[in-house]
Amino acid sequence: MSAPASPAETGGTNYLNATHGIGSWLLTRDHKRIGILYLLGISVFFVLGGLMAVLIRAELATPQGDLFSSDVYNRLFTMHGILMIFFFLIPSIPAVLGNFLLPIMIGAKDLAFPRLNLAQLVPLHDRRGDDVRVAPDGRHRHRLDLLHSDVDELRPGQVIVTAVGIFVAGFSSILTGLNFIVTIHRMRAPGLTWFRLPLFVWAHYATSIIQILGTPVIAITILLVGAERLFHIGVFDPKYGGDPVLFQHLFWFYSHPAVYIMILPAMGVMSELVTAFSRKRVFGYHFIAFSSLFIAVIGFLVWGHHMFISGQSVVAGAIFSFLTMLVAIPSAVKVFNWTATLYKGSISLQTPMLYALGFIGVFLIGGLTGVMLGTLGINIYVHDTYFIVAHFHYVMVGSAIMGYLGGLHFWWPKITGRMYNEFWSKISAIVIFIGFNTTFFPQFILGYLGMPRRYHMYPAEFQTWNVLSSAGATILGFGYLMPVVYLLWSLKFGAKAPANPWGAKGLEWETSSPPPVLNFATPPVVTEEAYAYETSTPAKEVTVGV
Amino acid sequence: MSTVHVTPVRTYLLVFFALMALTLLTVGAAHVNIAHHLPGQMTDAINDAVAMAIAVTKATLVILFFMGVWHSARINKVVVWSSFFFLFVLFAFSLADYFSRGWLGVPGK
């Protein structure tokens, strides 16, 4: 591989200081700058969504509905969900870290379609405002998977505006996936064969497939909702001869794979972190790579497990229940392989690794409770209880955000050229882990005891667990605030980062920090496998047969 | 190196006129009660089936010729076929729900 580009080679210029002015940022076609713009955008909406979560937990600290009316409470958790899923979790790792790193990891100068990359930024940010503005005027029952229903209860315009927001934002998702797939196929550096690709790239490839195949379905569904409301064509609404269960089928055909849009990139990050901080080749590279694709495919076959009590047939429910079990296989492959990578590795517990270890633990709980919920009998018992809330937060919040934060800490020196405070970042990772589990583990118990979700009042017997959960949310909130402070601090006062502060493998560590505009001073040529951390221990010779 | 296939203008024109003809056929078929002209007990759903068949034919022409899949690389064909596979999955599993609703009773109902 080529040597890291020194500042002298790049003339001291990098993507951050090559051009100046707000116009140079807003009209940039540089994938790295676009990644930064995404970082800023999604951070704002993470804060907004987080504030809504704080208000929700504040309301639930007491059994009485003493802070908000049921209407306001329902608006809060609906907007919390919409913001966090569509405008934070889905774009987080692909749009920020993927945009920034994917071309560098494959030795390319940029993504295949730089203008498209800039264009996809616009719909995402443009429509967020609409979705947020809807909330204050919204009426009750803003449940995301019931956007189609309750025509009389909701002012039609508000549902339409929300739906249009999601529809337009979906284009951002599709275009990101398209851009990544073409880039991976066409722009790999010489010598970078498919099985030398970092697993981060494999994970994004699988994610892109889901984005391209799944997002159009939710887009078409939204169009049908619009057509039904505007022209009274009977599609989903029984009043016009439609079928609400059909909406659920179409909605979940996208929305279950969307879970993998959130978690697969985080799994890609995990593979990078575990190998880098174990100083060891990843165990079972091919299995991890193909497990990402397997998850992408199987993820499209299991949507009916969200519909066990929707009126779906018992036979279909049993089929979906069985298929759901299959998803556990590739997920388990990943967890076992990361654990096996740790075995006899030279482990260093730096901040990104703390997030990686936290991810494995949290994902294990989220995944195993997913298997429980995939079981028809258990699911019916705990359906629409806090057990579900706890489960999907363990997967989507615990795992995906741990992955995002782990990746952000790992590549922060590369992105900004600055090191952050290691002590505070470790404290923050530990606080987030404790805060997260304190917030959401009690919700498993609440759900098992029968507390339904989406209510702002509850029987007094549930208060202890709710207070514990709200206390955990406070800890979690502080945990999330800390990186904001020390990462911003690092931009001004942090030590300058070398090209490869972690001693990690991968093309992104072969270029300067921050990278030059075209990523590499000289085009890289790849001559070794991914994660070639150890070469000194020869494999044992095994004689087969007599 | 792969060579780029250039589709003759004549092909585009032929496909265009075929699409126009099929559009007229769709409109015409909508005005005829086909079941009425067929022997046996046919339902009005035959009109829907005919309309769908024409639409699928038109979509196939667009994909093969206007989108250039007919002469494109194998990977592009894989992409198209896999898209249809997932569409099939969506239809098949959703319909499996509708068709099997009466097969097993729900306890208590």
# chains A, B, ... in the order shown; residues from 1 in each chain; ligands from 1
call {"tool": "select_by_dssp", "arguments": {"residues": "stretch 9-77 of chain B", "states": "alpha helix (DSSP H)", "output": "ChimeraX atom specification"}}
result
/B:9-30,34-37,45-61,74-77
call {"tool": "interface_residues", "arguments": {"of": "chain B", "to": "chain A", "cutoff": "8 Å", "atoms": "only C-alpha atoms", "output": "ChimeraX atom specification"}}
result
/B:83,86,89-90,93-94,96-98,100-106
call {"tool": "closest_residue", "arguments": {"among": "B:Val6, B:Val80, B:Met20, B:Leu14", "to": "B:Thr60", "atoms": "only C-alpha atoms"}}
result
B:Val80
call {"tool": "closest_residue", "arguments": {"among": "A:Val96, A:Met105, A:Ile85, A:Leu199", "to": "A:Ile166", "atoms": "only C-alpha atoms"}}
result
A:Ile85
call {"tool": "residues_around", "arguments": {"residues": "B:Leu19", "least_positions_apart": "3", "cutoff": "8 Å", "atoms": "only C-alpha atoms", "output": "PDB file with N, CA and C atoms, in the first residue's frame"}}
result
ATOM      1  N   VAL B  15     -41.133  -0.049 -30.609  1.00  0.00           N
ATOM      2  CA  VAL B  15     -41.589  -0.236 -29.222  1.00  0.00           C
ATOM      3  C   VAL B  15     -42.578   0.870 -28.846  1.00  0.00           C
ATOM      4  N   PHE B  16     -42.253   2.088 -29.283  1.00  0.00           N
ATOM      5  CA  PHE B  16     -43.140   3.213 -28.978  1.00  0.00           C
ATOM      6  C   PHE B  16     -44.543   2.976 -29.547  1.00  0.00           C
ATOM      7  N   LEU B  22     -50.963  -0.704 -27.325  1.00  0.00           N
ATOM      8  CA  LEU B  22     -51.408  -1.390 -26.105  1.00  0.00           C
ATOM      9  C   LEU B  22     -52.209  -0.447 -25.195  1.00  0.00           C
ATOM     10  N   THR B  23     -51.847   0.838 -25.229  1.00  0.00           N
ATOM     11  CA  THR B  23     -52.616   1.814 -24.443  1.00  0.00           C
ATOM     12  C   THR B  23     -54.050   1.895 -24.975  1.00  0.00           C
ATOM     13  N   LYS B  58     -46.590  -4.045 -21.365  1.00  0.00           N
ATOM     14  CA  LYS B  58     -46.017  -2.707 -21.600  1.00  0.00           C
ATOM     15  C   LYS B  58     -44.787  -2.480 -20.723  1.00  0.00           C
ATOM     16  N   LEU B  61     -41.823  -4.316 -22.095  1.00  0.00           N
ATOM     17  CA  LEU B  61     -41.230  -3.628 -23.252  1.00  0.00           C
ATOM     18  C   LEU B  61     -40.355  -2.454 -22.798  1.00  0.00           C
TER      19      LEU B  61
END
call {"tool": "residues_around", "arguments": {"residues": "A:Pro413", "least_positions_apart": "3", "cutoff": "9 Å", "atoms": "only C-alpha atoms", "output": "mmCIF file with C-alpha atoms, in the first residue's frame"}}
result
data_model
loop_
_atom_site.group_PDB
_atom_site.id
_atom_site.type_symbol
_atom_site.label_atom_id
_atom_site.label_comp_id
_atom_site.auth_asym_id
_atom_site.auth_seq_id
_atom_site.Cartn_x
_atom_site.Cartn_y
_atom_site.Cartn_z
ATOM 1 C CA HIS A 409 -14.890 8.126 18.091
ATOM 2 C CA PHE A 410 -12.811 5.731 15.988
ATOM 3 C CA THR A 416 -11.221 16.320 12.012
ATOM 4 C CA GLY A 417 -7.462 15.822 12.332
ATOM 5 C CA ARG A 418 -7.784 16.225 16.101
ATOM 6 C CA MET A 419 -7.667 13.875 19.084
ATOM 7 C CA TYR A 420 -10.305 14.059 21.787
ATOM 8 C CA LYS A 496 -3.193 17.037 16.193
ATOM 9 C CA ALA A 497 -3.989 13.541 15.037
ATOM 10 C CA PRO A 498 -1.403 11.488 13.160
ATOM 11 C CA ALA A 499 -2.442 9.600 10.035
ATOM 12 C CA ASN A 500 -3.004 6.407 11.990
ATOM 13 C CA PRO A 501 -3.504 7.090 15.702
ATOM 14 C CA SER A 513 -5.645 13.208 8.952
ATOM 15 C CA PRO A 514 -7.716 15.006 7.778
#
call {"tool": "atom_distance", "arguments": {"atom1": "atom CA of A:His256", "atom2": "atom CA of A:His306"}}
result
8.2 Å
